[in-house]
file coords.cif (mmCIF, C-alpha atoms)
data_final
loop_
_atom_site.label_atom_id
_atom_site.label_comp_id
_atom_site.auth_asym_id
_atom_site.auth_seq_id
_atom_site.Cartn_x
_atom_site.Cartn_y
_atom_site.Cartn_z
CA LEU A 1 -12.29 7.50 23.58
CA LEU A 2 -14.50 5.16 21.56
CA GLY A 3 -13.40 2.29 23.77
CA THR A 4 -13.97 4.12 27.06
CA ASN A 5 -17.47 5.50 26.54
CA PHE A 6 -16.09 8.94 25.64
CA ASP A 7 -14.16 9.38 28.88
CA TYR A 8 -12.61 12.77 28.10
CA LYS A 9 -11.51 13.31 31.72
CA GLY A 10 -9.66 10.01 31.78
CA ALA A 11 -8.07 10.85 28.45
CA ALA A 12 -6.91 14.20 29.81
CA ASP A 13 -5.48 12.68 32.98
CA LYS A 14 -3.37 10.02 31.23
CA PRO A 15 -0.98 10.59 28.32
CA ILE A 16 -1.52 8.30 25.34
CA PRO A 17 1.42 5.96 26.17
CA GLN A 18 -0.22 5.17 29.52
CA ARG A 19 -3.50 4.16 27.87
CA TYR A 20 -2.11 1.34 25.77
CA ARG A 21 0.94 -0.87 25.36
CA PHE A 22 3.21 -0.11 22.42
CA LEU A 23 4.18 -3.69 21.64
CA GLU A 24 7.58 -3.34 19.97
CA TYR A 25 8.60 -0.32 22.07
CA SER A 26 8.06 -2.38 25.20
CA ALA A 27 10.16 -5.17 23.72
CA SER A 28 13.02 -2.87 22.71
CA HIS A 29 13.14 -1.38 26.22
CA ALA A 30 12.73 -4.64 28.13
CA ASP A 31 16.31 -4.54 29.40
CA LYS A 32 15.72 -1.13 30.96
CA SER A 33 12.46 -2.02 32.67
CA LYS A 34 13.40 -5.63 33.47
CA VAL A 35 9.79 -6.47 32.62
CA ASP A 36 8.88 -8.85 29.84
CA PRO A 37 6.58 -6.99 27.39
CA ILE A 38 4.30 -10.01 27.01
CA ASP A 39 3.91 -10.16 30.79
CA GLN A 40 2.94 -6.48 30.64
CA LEU A 41 0.18 -7.31 28.18
CA ASP A 42 -1.04 -10.20 30.31
CA ALA A 43 -1.13 -7.89 33.34
CA MET A 44 -3.45 -5.39 31.67
CA THR A 45 -6.73 -5.63 33.55
CA ASN A 46 -8.71 -2.89 31.84
CA GLU A 47 -11.33 -3.93 29.34
CA PRO A 48 -11.05 -3.50 26.49
CA ARG A 49 -7.27 -3.64 26.26
CA PHE A 50 -5.57 -1.32 23.75
CA ILE A 51 -2.35 -2.42 22.08
CA LYS A 52 -0.43 -0.44 19.47
CA THR A 53 2.07 -1.88 17.02
CA HIS A 54 3.90 -1.06 13.79
CA LEU A 55 4.67 -4.73 13.20
CA PRO A 56 3.94 -6.47 9.90
CA TYR A 57 0.96 -8.79 10.05
CA ARG A 58 3.22 -11.83 9.59
CA TYR A 59 4.36 -11.48 13.22
CA LEU A 60 0.80 -11.40 14.55
CA ARG A 61 -0.87 -13.87 12.19
CA ASN A 62 -0.60 -16.96 14.39
CA ALA A 63 -1.85 -15.19 17.51
CA VAL A 64 -4.85 -13.78 15.63
CA GLU A 65 -5.82 -16.68 13.39
CA GLN A 66 -5.62 -19.41 16.02
CA LEU A 67 -8.75 -17.89 17.57
CA GLU A 68 -12.29 -18.50 16.43
CA ALA A 69 -13.48 -15.78 14.08
CA ASP A 70 -15.82 -14.21 16.63
CA GLN A 71 -13.15 -14.28 19.35
CA ARG A 72 -10.47 -12.43 17.42
CA PRO A 73 -9.49 -8.95 18.57
CA ARG A 74 -10.93 -5.99 16.75
CA ILE A 75 -8.08 -4.50 14.76
CA ILE A 76 -7.84 -1.04 13.26
CA TYR A 77 -5.02 -0.66 10.77
CA ILE A 78 -4.19 2.95 9.93
CA THR A 79 -2.27 3.59 6.73
CA ARG A 80 -1.16 6.74 4.96
CA ASN A 81 0.06 7.82 1.55
CA ALA A 82 3.56 6.33 1.38
CA LYS A 83 5.12 9.58 0.19
CA ASP A 84 3.76 11.55 3.14
CA THR A 85 4.74 8.64 5.39
CA LEU A 86 8.32 8.84 4.17
CA VAL A 87 8.54 12.60 4.73
CA SER A 88 7.03 12.28 8.19
CA TYR A 89 9.35 9.45 9.14
CA TYR A 90 12.41 11.36 7.94
CA ASN A 91 11.51 14.37 10.06
CA PHE A 92 10.75 12.15 13.03
CA LEU A 93 14.16 10.47 12.90
CA LYS A 94 15.90 13.79 12.39
CA GLY A 95 13.96 15.27 15.28
CA ILE A 96 15.02 12.63 17.76
CA ARG A 97 18.58 12.73 16.40
CA HIS A 98 18.57 9.13 15.22
CA LEU A 99 19.47 10.09 11.68
CA ASP A 100 22.56 11.74 10.29
CA MET A 101 21.90 12.06 6.56
CA ASP A 102 20.15 14.41 4.19
CA TRP A 103 16.81 13.87 2.51
CA CYS A 104 18.21 12.47 -0.74
CA ASP A 105 20.34 9.85 1.02
CA PHE A 106 17.43 8.83 3.21
CA PHE A 107 15.14 8.59 0.19
CA ARG A 108 17.56 6.20 -1.55
CA ARG A 109 17.91 4.00 1.52
CA TRP A 110 14.15 3.85 2.07
CA MET A 111 13.47 2.96 -1.55
CA ASP A 112 16.04 0.16 -1.33
CA GLU A 113 14.41 -1.02 1.95
CA ARG A 114 17.75 -0.55 3.71
CA CYS A 115 16.43 1.37 6.69
CA PHE A 116 14.16 0.43 9.58
CA GLY A 117 10.58 1.04 8.56
CA GLY A 118 11.34 0.99 4.84
CA GLU A 119 8.96 -1.85 3.98
CA TRP A 120 5.82 0.26 3.48
CA PHE A 121 4.80 -1.59 0.33
CA SER A 122 5.11 -5.16 1.60
CA VAL A 123 3.77 -4.37 5.06
CA ASN A 124 0.66 -2.65 3.71
CA ARG A 125 0.03 -5.46 1.26
CA GLU A 126 0.07 -7.93 4.17
CA TRP A 127 -2.46 -5.95 6.18
CA PHE A 128 -4.71 -5.26 3.18
CA ASP A 129 -4.73 -8.96 2.28
CA ALA A 130 -5.45 -9.97 5.88
CA ALA A 131 -8.34 -7.49 6.16
CA ARG A 132 -10.11 -9.10 3.22
CA GLU A 133 -10.24 -12.37 5.17
CA ASN A 134 -11.02 -10.96 8.62
CA GLU A 135 -14.22 -9.00 9.20
CA ARG A 136 -12.94 -7.87 12.61
CA MET A 137 -10.17 -5.91 10.92
CA HIS A 138 -10.83 -2.40 9.63
CA ILE A 139 -8.55 -0.41 7.31
CA VAL A 140 -8.46 3.34 7.94
CA HIS A 141 -6.75 5.81 5.64
CA TYR A 142 -5.20 8.77 7.44
CA GLU A 143 -6.45 10.99 4.63
CA ASP A 144 -10.03 10.00 5.45
CA LEU A 145 -9.63 10.98 9.09
CA VAL A 146 -8.29 14.39 8.09
CA LEU A 147 -10.44 15.17 5.06
CA HIS A 148 -13.59 13.11 5.49
CA PRO A 149 -14.14 12.75 9.26
CA HIS A 150 -17.93 12.79 9.06
CA SER A 151 -17.91 9.61 6.99
CA SER A 152 -14.83 7.85 8.39
CA TYR A 153 -15.60 8.27 12.10
CA PRO A 154 -19.04 6.59 11.91
CA GLN A 155 -17.31 3.61 10.26
CA LEU A 156 -14.95 3.36 13.23
CA VAL A 157 -17.87 3.56 15.62
CA LYS A 158 -19.64 0.76 13.78
CA HIS A 159 -16.53 -1.41 13.69
CA LEU A 160 -16.01 -1.11 17.44
CA GLY A 161 -19.68 -1.63 18.23
CA VAL A 162 -19.98 1.66 20.10
CA ASP A 163 -23.25 3.51 20.62
CA ALA A 164 -22.72 7.15 19.69
CA THR A 165 -25.03 10.05 19.04
CA GLN A 166 -24.35 12.69 16.40
CA ASP A 167 -23.30 15.05 19.19
CA ASP A 168 -20.85 12.41 20.46
CA LEU A 169 -19.34 12.11 17.01
CA GLU A 170 -19.08 15.85 16.48
CA ARG A 171 -17.28 16.37 19.78
CA LEU A 172 -14.97 13.46 19.01
CA ILE A 173 -14.11 14.87 15.59
CA GLN A 174 -13.26 18.27 17.04
CA HIS A 175 -11.29 16.77 19.93
CA THR A 176 -9.13 14.61 17.64
CA ARG A 177 -8.37 17.10 14.90
CA PHE A 178 -4.64 17.36 14.32
CA GLN A 179 -4.23 20.84 15.79
CA SER A 180 -6.33 19.93 18.84
CA MET A 181 -4.15 16.91 19.54
CA ARG A 182 -0.98 18.87 18.85
CA ASP A 183 -1.99 21.36 21.55
CA ASN A 184 -3.04 18.62 23.99
CA ASP A 185 -0.23 17.48 26.29
CA ALA A 186 -2.07 14.22 26.95
CA ALA A 187 -1.90 13.41 23.23
CA ASN A 188 1.18 15.07 21.74
CA TYR A 189 3.85 12.87 23.36
CA ARG A 190 5.54 15.80 25.05
CA GLY A 191 8.03 14.29 27.48
CA ALA A 192 7.29 10.71 26.39
CA PHE A 193 9.87 8.10 25.40
CA ASP A 194 12.79 10.29 26.51
CA LEU A 195 12.44 12.43 23.38
CA ASN A 196 14.41 15.64 23.03
CA LYS A 197 12.67 18.52 24.76
CA GLU A 198 12.84 20.59 21.58
CA PHE A 199 11.30 17.86 19.45
CA VAL A 200 7.69 18.26 18.30
CA PHE A 201 6.21 14.82 17.65
CA MET A 202 3.11 16.10 15.88
CA ARG A 203 4.81 18.20 13.21
CA LYS A 204 2.33 19.17 10.45
CA GLY A 205 -0.13 16.35 9.75
CA GLU A 206 -0.86 17.69 6.28
CA VAL A 207 -2.08 15.65 3.35
CA GLY A 208 0.20 16.07 0.34
CA ASP A 209 3.17 17.66 2.12
CA TRP A 210 5.41 15.27 0.16
CA LYS A 211 5.16 17.67 -2.79
CA ASN A 212 7.36 20.06 -0.83
CA TRP A 213 10.10 17.42 -0.55
CA PHE A 214 10.10 15.10 -3.57
CA THR A 215 11.98 16.05 -6.70
CA VAL A 216 10.40 15.19 -10.06
CA ALA A 217 12.84 12.30 -10.45
CA GLN A 218 12.10 10.96 -6.95
CA ASN A 219 8.38 11.13 -7.58
CA GLU A 220 8.71 9.22 -10.84
CA GLN A 221 10.86 6.57 -9.17
CA PHE A 222 8.34 6.23 -6.36
CA ASP A 223 5.44 5.92 -8.81
CA ARG A 224 7.22 3.14 -10.66
CA LYS A 225 7.52 1.17 -7.44
CA TYR A 226 3.85 1.82 -6.56
CA ASN A 227 2.88 0.40 -9.95
CA ALA A 228 5.33 -2.51 -9.81
CA VAL A 229 3.92 -3.85 -6.54
CA GLY A 230 0.30 -3.23 -7.51
CA MET A 231 -0.47 -0.83 -4.68
CA LEU A 232 -2.29 1.75 -6.80
CA ASP A 233 -5.13 -0.72 -7.41
CA GLN A 234 -5.72 -0.97 -3.65
CA LEU A 235 -5.69 2.73 -2.75
CA PRO A 236 -8.53 5.22 -3.19
CA PRO A 237 -7.47 7.90 -5.71
CA TYR A 238 -7.59 10.68 -3.12
CA VAL A 239 -5.10 8.78 -0.94
CA TYR A 240 -2.51 8.65 -3.68
CA THR A 241 -3.07 12.12 -5.06
CA THR A 242 -3.68 15.34 -3.13
CA PRO A 243 -7.44 15.38 -2.42
CA VAL A 244 -9.86 18.23 -1.92
CA GLU A 245 -11.46 18.49 1.51
CA ASN A 246 -15.22 18.24 1.75
#

call {"tool": "encode", "arguments": {"input": "coords.cif", "output": "C-alpha cells"}}
result
Amino acid sequence: LLGTNFDYKGAADKPIPQRYRFLEYSASHADKSKVDPIDQLDAMTNEPRFIKTHLPYRYLRNAVEQLEADQRPRIIYITRNAKDTLVSYYNFLKGIRHLDMDWCDFFRRWMDERCFGGEWFSVNREWFDAARENERMHIVHYEDLVLHPHSSYPQLVKHLGVDATQDDLERLIQHTRFQSMRDNDAANYRGAFDLNKEFVFMRKGEVGDWKNWFTVAQNEQFDRKYNAVGMLDQLPPYVYTTPVEN
C-alpha cells in the first residue's frame, strides 16, 4: 500500500502473491511453470517492483552491492523474536503437512540447524550487519508493528519516501492489523500455493506465544545460544522478552 499510493481497491482485487514475486518460491516451482524465475522478475513492468525473499543476505550481496549506493533497491528486512519464529514455523509446517514430528523433536533439529529455515541466528546477523553499511536497508521488528505501530509505521513511510498524512497512517495501521489481515482473503493466503483448504496461514500473530510451547529446559538452551552468538546485544529488550503494548 505504501508503494502504490494507498491503493486499497487494487490491494483488495489482487491477493498478496499476485502483487510481488516470491523469489525462492518461484525458483522451487520453476519446473511446474516452465518459466525461469529471474525472467519473471525481468518481466515485471510495474514500478516500483516488489520482491519477497527469505534468503540469507549472502545470496543477494553481489546483486545489491554492485550498484551505486543511490541506485540500490530499498530493502525492508522484517525479523521476529526467534522463539516466536520457531513456534510459528513449526505450526506452519504441521499445517501444510510437511512435518511429521512432535514439538520436542522439531526443537532439537532446529537448534542443531538440521532443518530448512533453522539458521535464524546466522541469517539475522548477516542482515543486521548489512543494514549498518547500507542506508537503503531498514530493519523492522515484528513486535514493533504489532505493539508500537504509531512509531514504527512512520519510519517505514520515511524509508520508502512516501508522502502520508496522519489519516493515511491511521487507516493503514487499522487495515494491516493482524486480525484485519486474517479476515481479508486478499491478504490471508487462502487458496494460495496449493495449501490445504483447512490450513489457516495467519494463525495467531501474538507476541510471546512461545511461552506456551517452550519448556524451562528448552528456554534455557535457547538463551545460551542467543548469548553465544551475541544476538542479545543487537535486539531491543522488548523483542526478546514479552513487551507491554502502548

call {"tool": "atom_distance", "arguments": {"input": "coords.cif", "atom1": "CA of Tyr20 (chain A)", "atom2": "CA of Pro48 (chain A)"}}
result
10.2 Å

call {"tool": "residues_around", "arguments": {"input": "coords.cif", "residues": "region 4-16 of chain A", "least_positions_apart": "2", "cutoff": "6 Å", "atoms": "all atoms listed in the file", "output": "NGL selection string"}}
result
:A and (1-2 or 18-19 or 186-187)

call {"tool": "write_last_selection", "arguments": {"input": "coords.cif", "atoms": "C-alpha atoms", "output": "short mmCIF file (atom, residue, chain, number, x, y, z; two decimals), keeping the file's coordinate frame"}}
result
data_model
loop_
_atom_site.label_atom_id
_atom_site.label_comp_id
_atom_site.auth_asym_id
_atom_site.auth_seq_id
_atom_site.Cartn_x
_atom_site.Cartn_y
_atom_site.Cartn_z
CA LEU A 1 -12.29 7.50 23.58
CA LEU A 2 -14.50 5.16 21.56
CA GLN A 18 -0.22 5.17 29.52
CA ARG A 19 -3.50 4.16 27.87
CA ALA A 186 -2.07 14.22 26.95
CA ALA A 187 -1.90 13.41 23.23
#

call {"tool": "atom_distance", "arguments": {"input": "coords.cif", "atom1": "CA of Pro149 (chain A)", "atom2": "CA of Gln166 (chain A)"}}
result
12.5 Å

call {"tool": "axis_aligned_box", "arguments": {"input": "coords.cif", "around": "region 77-87 of chain A", "padding_each_side": "5 Å", "output": "AutoDock Vina command-line options"}}
result
--center_x 1.8 --center_y 6.0 --center_z 5.5 --size_x 23.6 --size_y 23.3 --size_z 20.6

call {"tool": "closest_residue", "arguments": {"input": "coords.cif", "among": "A:Ile139, A:Val216, A:Leu86, A:Ile38", "to": "Phe106 (chain A)", "atoms": "only C-alpha atoms"}}
result
A:Leu86
